[in-house]
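Undergrad: For reference, the file structure.txt (compact mmCIF, C-alpha atoms and all ligand atoms) is included below:
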# COMPACT_ATOMS: atom_id res chain seq x y z
CA MET A 1 33.31 35.02 -11.24
CA ILE A 2 30.55 36.38 -9.01
CA ASN A 3 29.07 39.70 -10.02
CA GLU A 4 29.02 41.44 -6.62
CA GLU A 5 27.22 44.46 -7.99
CA GLU A 6 24.29 42.30 -9.19
CA LEU A 7 24.21 40.53 -5.83
CA LYS A 8 23.87 43.92 -4.09
CA ILE A 9 21.13 44.99 -6.51
CA LEU A 10 19.27 41.72 -5.86
CA LYS A 11 19.41 42.29 -2.10
CA SER A 12 18.08 45.85 -2.22
CA LYS A 13 15.39 44.92 -4.77
CA ALA A 14 14.22 41.98 -2.63
CA LEU A 15 14.07 44.19 0.47
CA ASN A 16 12.18 46.87 -1.47
CA ASP A 17 9.70 44.29 -2.75
CA HIS A 18 9.22 42.88 0.79
CA ILE A 19 10.54 39.48 -0.19
CA PRO A 20 11.77 37.80 2.99
CA ILE A 21 15.47 37.12 2.43
CA ILE A 22 18.06 35.88 4.88
CA MET A 23 19.14 38.47 7.46
CA ASP A 24 22.72 39.71 7.50
CA ASP A 25 23.63 38.28 10.92
CA THR A 26 22.19 34.86 10.03
CA LEU A 27 24.11 34.90 6.76
CA GLU A 28 27.30 35.76 8.65
CA VAL A 29 26.89 32.63 10.83
CA ILE A 30 26.19 30.47 7.78
CA ARG A 31 29.16 31.97 5.97
CA GLU A 32 31.43 30.76 8.78
CA ILE A 33 29.81 27.32 8.68
CA LEU A 34 30.28 27.06 4.91
CA GLU A 35 33.91 28.14 5.12
CA ASN A 36 34.60 25.54 7.82
CA GLU A 37 32.57 22.66 6.44
CA LYS A 38 33.50 23.07 2.76
CA PRO A 39 30.36 21.29 1.51
CA SER A 40 30.26 19.60 -1.89
CA ARG A 41 26.51 19.80 -2.19
CA ILE A 42 23.90 21.97 -0.45
CA LEU A 43 20.13 21.69 -0.48
CA GLU A 44 18.00 24.74 0.19
CA ILE A 45 14.26 24.57 0.85
CA GLY A 46 12.83 28.00 -0.04
CA THR A 47 14.69 29.82 -2.83
CA ALA A 48 12.58 32.98 -3.02
CA VAL A 49 14.44 35.06 -5.62
CA GLY A 50 17.80 33.31 -5.28
CA TYR A 51 19.54 35.64 -2.82
CA SER A 52 20.70 33.17 -0.15
CA ALA A 53 21.56 30.52 -2.75
CA SER A 54 23.80 33.06 -4.54
CA GLN A 55 25.45 34.01 -1.26
CA PHE A 56 26.06 30.33 -0.51
CA ALA A 57 27.71 29.99 -3.92
CA LYS A 58 29.94 32.92 -3.04
CA TYR A 59 31.12 31.32 0.22
CA THR A 60 31.79 27.84 -1.13
CA ASP A 61 34.25 26.28 -3.58
CA ASP A 62 33.50 26.50 -7.29
CA SER A 63 32.80 22.76 -7.28
CA CYS A 64 29.99 23.06 -4.71
CA ILE A 65 26.50 22.57 -6.18
CA ILE A 66 23.38 24.07 -4.62
CA ASP A 67 19.96 22.53 -5.27
CA THR A 68 17.16 24.82 -4.19
CA ILE A 69 13.37 24.36 -4.17
CA GLU A 70 10.77 27.10 -4.65
CA LEU A 71 7.00 26.70 -4.65
CA ASP A 72 6.10 30.05 -6.19
CA GLU A 73 6.58 29.92 -9.97
CA GLU A 74 7.00 33.67 -10.39
CA ARG A 75 9.69 33.83 -7.69
CA ALA A 76 11.45 30.81 -9.16
CA LYS A 77 11.45 32.51 -12.57
CA GLN A 78 13.03 35.60 -11.05
CA ALA A 79 15.56 33.43 -9.20
CA ILE A 80 16.60 31.78 -12.49
CA GLU A 81 17.20 35.22 -14.02
CA ASN A 82 18.99 36.50 -10.91
CA VAL A 83 21.49 33.66 -10.60
CA LYS A 84 22.34 34.18 -14.28
CA LYS A 85 22.97 37.89 -13.73
CA ILE A 86 25.15 37.08 -10.72
CA GLY A 87 27.05 34.47 -12.73
CA VAL A 88 26.37 31.43 -10.52
CA GLU A 89 23.81 29.66 -12.72
CA SER A 90 26.12 26.69 -13.40
CA ARG A 91 26.22 25.91 -9.65
CA ILE A 92 22.59 26.50 -8.66
CA ASN A 93 19.76 24.17 -9.68
CA ILE A 94 16.37 25.75 -9.09
CA ILE A 95 13.62 23.18 -8.70
CA VAL A 96 10.08 24.55 -8.98
CA GLY A 97 7.44 22.88 -6.85
CA ASN A 98 6.27 22.08 -3.36
CA ALA A 99 9.19 20.78 -1.31
CA VAL A 100 6.82 18.35 0.41
CA ASP A 101 6.44 16.60 -2.97
CA ILE A 102 9.93 17.27 -4.34
CA LEU A 103 12.03 16.10 -1.38
CA PRO A 104 11.03 12.39 -1.62
CA THR A 105 12.05 12.42 -5.32
CA LEU A 106 15.62 13.70 -4.81
CA ASN A 107 18.48 11.26 -5.32
CA ASN A 108 21.50 13.28 -4.21
CA LYS A 109 23.00 13.38 -0.74
CA TYR A 110 23.85 16.68 0.90
CA ASP A 111 26.46 17.97 3.33
CA ILE A 112 24.29 20.90 4.34
CA ILE A 113 20.52 21.37 4.15
CA PHE A 114 19.07 24.83 4.76
CA ILE A 115 15.37 24.93 5.63
CA ASP A 116 13.80 28.34 4.95
CA ALA A 117 10.21 27.86 3.76
CA ALA A 118 6.70 27.31 5.23
CA LYS A 119 7.16 27.16 9.03
CA GLY A 120 4.19 24.83 9.46
CA LYS A 121 6.02 22.25 7.35
CA TYR A 122 9.32 22.21 9.28
CA PRO A 123 8.73 18.77 10.89
CA ILE A 124 8.03 17.29 7.43
CA PHE A 125 11.08 19.03 5.96
CA LEU A 126 13.21 17.65 8.82
CA ASN A 127 11.93 14.14 8.33
CA GLU A 128 12.67 14.24 4.59
CA SER A 129 16.01 15.99 5.10
CA LEU A 130 17.18 13.18 7.38
CA LYS A 131 16.91 10.82 4.39
CA LEU A 132 19.04 13.15 2.26
CA ILE A 133 21.77 14.32 4.64
CA ASN A 134 25.24 12.79 4.70
CA LYS A 135 26.58 11.41 7.96
CA ASN A 136 28.07 14.30 9.93
CA GLY A 137 26.10 16.72 7.78
CA LEU A 138 24.34 19.81 9.08
CA ILE A 139 20.67 20.70 8.89
CA LEU A 140 20.06 24.42 9.42
CA ALA A 141 16.62 25.95 9.94
CA ASP A 142 15.95 29.67 9.69
CA ASN A 143 13.15 31.55 11.50
CA ILE A 144 13.08 28.85 14.13
CA LEU A 145 12.18 31.34 16.92
CA TYR A 146 9.56 33.12 14.80
CA LYS A 147 9.63 36.63 16.26
CA GLY A 148 9.90 35.21 19.78
CA TYR A 149 6.49 33.46 19.62
CA VAL A 150 8.09 30.02 19.87
CA MET A 151 9.68 30.69 23.26
CA SER A 152 6.80 32.66 24.79
CA ASP A 153 3.70 31.19 26.42
CA TYR A 154 1.49 33.38 24.27
CA ASN A 155 -0.31 30.82 22.15
CA LYS A 156 -3.35 32.67 20.90
CA HIS A 157 -1.59 34.24 18.01
CA LYS A 158 -3.06 33.61 14.57
CA GLN A 159 0.17 31.84 13.64
CA ARG A 160 -0.36 29.24 16.37
CA THR A 161 -0.16 26.26 13.99
CA ALA A 162 3.21 27.38 12.67
CA VAL A 163 4.44 27.99 16.22
CA ASN A 164 3.36 24.49 17.28
CA HIS A 165 5.17 22.95 14.33
CA LEU A 166 8.32 24.93 15.07
CA ARG A 167 8.14 23.74 18.69
CA GLU A 168 7.77 20.18 17.43
CA TYR A 169 10.87 20.68 15.24
CA ILE A 170 12.87 22.06 18.18
CA LYS A 171 11.78 19.18 20.43
CA GLU A 172 12.94 16.64 17.87
CA ILE A 173 16.35 18.22 17.20
CA THR A 174 17.11 18.79 20.88
CA GLU A 175 15.84 15.49 22.30
CA ASN A 176 16.99 12.96 19.71
CA PRO A 177 20.32 11.53 20.91
CA ASP A 178 21.49 11.09 17.30
CA PHE A 179 21.63 14.84 16.83
CA GLU A 180 23.74 17.62 18.26
CA SER A 181 21.85 20.88 18.08
CA LYS A 182 22.11 24.49 19.01
CA ILE A 183 19.75 27.39 18.51
CA LEU A 184 21.18 30.84 17.91
CA GLU A 185 19.32 34.09 18.47
CA VAL A 186 20.51 35.59 15.22
CA GLY A 187 17.99 37.06 12.80
CA ASP A 188 14.70 35.30 13.46
CA GLY A 189 16.46 32.34 15.10
CA LEU A 190 18.70 29.76 13.45
CA SER A 191 18.97 26.13 14.49
CA ILE A 192 22.06 24.14 13.63
CA THR A 193 21.84 20.36 13.87
CA ARG A 194 24.73 17.97 13.30
CA ILE A 195 23.63 14.47 12.29
CA LYS A 196 26.00 12.14 14.14
N1 LIG B 201 16.09 31.50 1.29
C1 LIG B 201 15.60 32.73 0.71
C2 LIG B 201 16.65 33.81 0.88
O1 LIG B 201 17.12 33.98 2.02
O2 LIG B 201 17.00 34.47 -0.10
C3 LIG B 201 14.31 33.18 1.34
C4 LIG B 201 13.21 32.17 1.33
S1 LIG B 201 11.65 32.84 1.85
C5 LIG B 201 11.89 33.12 3.56
C6 LIG B 201 10.64 31.41 1.83
C7 LIG B 201 10.28 30.90 0.46
O3 LIG B 201 9.80 29.58 0.60
C8 LIG B 201 9.18 31.69 -0.23
O4 LIG B 201 9.63 32.20 -1.46
C9 LIG B 201 8.06 30.68 -0.43
O5 LIG B 201 7.36 30.81 -1.65
C10 LIG B 201 8.80 29.36 -0.37
N2 LIG B 201 8.00 28.21 0.09
C11 LIG B 201 7.03 28.20 1.02
N3 LIG B 201 6.54 26.96 1.18
C12 LIG B 201 7.22 26.17 0.32
C13 LIG B 201 7.17 24.79 0.01
N4 LIG B 201 6.29 23.98 0.62
N5 LIG B 201 8.02 24.30 -0.93
C14 LIG B 201 8.89 25.13 -1.55
N6 LIG B 201 9.00 26.45 -1.29
C15 LIG B 201 8.17 26.97 -0.37
What would the structure in this file look like if it were written as structure tokens?
Ligand code: SAM
TA:
Amino acid sequence: MINEEELKILKSKALNDHIPIIMDDTLEVIREILENEKPSRILEIGTAVGYSASQFAKYTDDSCIIDTIELDEERAKQAIENVKKIGVESRINIIVGNAVDILPTLNNKYDIIFIDAAKGKYPIFLNESLKLINKNGLILADNILYKGYVMSDYNKHKQRTAVNHLREYIKEITENPDFESKILEVGDGLSITRIK
């Protein structure tokens, strides 16, 4: 049983503490995807304090397991406490470490992978995710439009490296004939890629 009150408290605390959590409109799109796809196992890259992982638990069957990776030890610690308070700890495995190192060590296969961590690492995350995704699975990437920088010709911004890596990610998902992709202008941009 999900403790909705604790989930609400987690959201407002995260926003207060300026922890970047999934935006409401992005979550609404993912909710629909989860309800349609009925995944058995989800991988999330970028747990923060466990908000999106808890929401994913809410929108999936009780048998669905969510593995989620967080680099920052303090955030991961908070996430472990938060998922307990919300009552979803039996369904969420929080893995502490750098996803670049963790991803090659994972043995499970996933129906949905949600990428929501360092933007400069998105091409690496995609490459590793392709080894872990089930056929017909979906790879979702949040913040793919990065405040509009990705689609503008303004390239002198201090975040240029991240922008270039996001562009590289978009090129790969839109040009590879093995993928079916769309990019939605919800939140900070969400890409949805079906692996054929
Ligand atoms: N998915 C979370 C939510 O909506 O509730 C928000 C995740 S936040 C946007 C991104 C998180 O990714 C941060 O907590 C950050 O510490 C983590 N992160 C950044 N680089 C990472 C990496 N290489 N491996 C694992 N986690 C990383």
Undergrad: Mind listing whatever residues come within 8 Å of the point (0.6, 23.9, 8.6)? Use only C-alpha atoms, file coordinates, and give them as a list of chain:residue names.
TA: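 These residues have at least one counted atom within 8 Å: A:Ala118, A:Lys119, A:Gly120, A:Lys121, A:Thr161, A:Ala162, A:His165.
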Undergrad: Which residues are near segment 183-196 of chain A? Cut-off 10 Å, all atoms listed in the file, ignore same chain within fewer than 4 positions. Put them as a short mmCIF file (atom, residue, chain, number, x, y, z; two decimals) with C-alpha atoms, in the coordinates of the input.
TA:
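Result written to out.cif:
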data_model
loop_
_atom_site.label_atom_id
_atom_site.label_comp_id
_atom_site.auth_asym_id
_atom_site.auth_seq_id
_atom_site.Cartn_x
_atom_site.Cartn_y
_atom_site.Cartn_z
CA ILE A 22 18.06 35.88 4.88
CA MET A 23 19.14 38.47 7.46
CA ASP A 24 22.72 39.71 7.50
CA ASP A 25 23.63 38.28 10.92
CA THR A 26 22.19 34.86 10.03
CA LEU A 27 24.11 34.90 6.76
CA GLU A 28 27.30 35.76 8.65
CA VAL A 29 26.89 32.63 10.83
CA ILE A 30 26.19 30.47 7.78
CA ILE A 33 29.81 27.32 8.68
CA ILE A 112 24.29 20.90 4.34
CA ILE A 113 20.52 21.37 4.15
CA PHE A 114 19.07 24.83 4.76
CA ILE A 115 15.37 24.93 5.63
CA ASP A 116 13.80 28.34 4.95
CA LEU A 130 17.18 13.18 7.38
CA ILE A 133 21.77 14.32 4.64
CA ASN A 134 25.24 12.79 4.70
CA LYS A 135 26.58 11.41 7.96
CA ASN A 136 28.07 14.30 9.93
CA GLY A 137 26.10 16.72 7.78
CA LEU A 138 24.34 19.81 9.08
CA ILE A 139 20.67 20.70 8.89
CA LEU A 140 20.06 24.42 9.42
CA ALA A 141 16.62 25.95 9.94
CA ASP A 142 15.95 29.67 9.69
CA ASN A 143 13.15 31.55 11.50
CA ILE A 144 13.08 28.85 14.13
CA LEU A 145 12.18 31.34 16.92
CA TYR A 146 9.56 33.12 14.80
CA LYS A 147 9.63 36.63 16.26
CA GLY A 148 9.90 35.21 19.78
CA VAL A 150 8.09 30.02 19.87
CA TYR A 169 10.87 20.68 15.24
CA ILE A 170 12.87 22.06 18.18
CA ILE A 173 16.35 18.22 17.20
CA THR A 174 17.11 18.79 20.88
CA PRO A 177 20.32 11.53 20.91
CA ASP A 178 21.49 11.09 17.30
CA PHE A 179 21.63 14.84 16.83
#
Undergrad: Provide the atom CA of Lys182 of chain A to atom O5 of ligand LIG 201 (chain B) distance in Å, to one decimal place.
TA: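 Taking atom CA of Lys182 of chain A and atom O5 of ligand LIG 201 (chain B), their separation equals 26.2 Å.
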Undergrad: Extract, using all atoms listed in the file, all DNA, RNA and protein residues at most 9 Å from Ile80 of chain A, discarding same-chain residues fewer than 5 positions from it, and format them as a PyMOL selection string.
TA: chain A and resi 49-50+75+85+89+92-94
Undergrad: Around ligand LIG 201 (chain B), which protein and nucleic acid residues have at least one atom no more than 7 Å from it, if we count all atoms listed in the file? List them as a VMD selection string.
TA: chain A and resid 20 to 22 45 to 53 69 to 72 75 97 to 100 116 to 118 121
Undergrad: So how many Å separate atom CA of Val88 of chain A and atom CA of Ala76 of chain A, to one decimal?
TA: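 Computing the Euclidean distance for atom CA of Val88 of chain A and atom CA of Ala76 of chain A yields 15.0 Å.
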Undergrad: Have a look at atom CA of Ser181 of chain A and atom CA of Ser152 of chain A and let me know their distance in Å, one decimal.
TA: 20.3 Å
Undergrad: Which residue out of A:Asp101, A:Glu168, A:Glu44, A:Asp111 has the minimum interatomic distance to Pro123 of chain A when all atoms listed in the file are used?
TA: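 The shortest atom-to-atom distance to Pro123 of chain A comes from A:Glu168.
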Undergrad: At a cut-off of 9 Å, using all atoms listed in the file, what residues contact Asp62 of chain A? Leave out same-chain residues fewer than 4 positions from it and give the result as a list in words.
TA: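 My list of contacting residues is Ala57, Lys58 and Arg91 of chain A.
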Undergrad: Given the choices A:Gln159, A:Ser54, A:Asn3, A:Asn82, which gets closest to Thr68 of chain A if the distance is worked out from only C-alpha atoms?
TA: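 Smallest separation from Thr68 of chain A among the options: A:Ser54.
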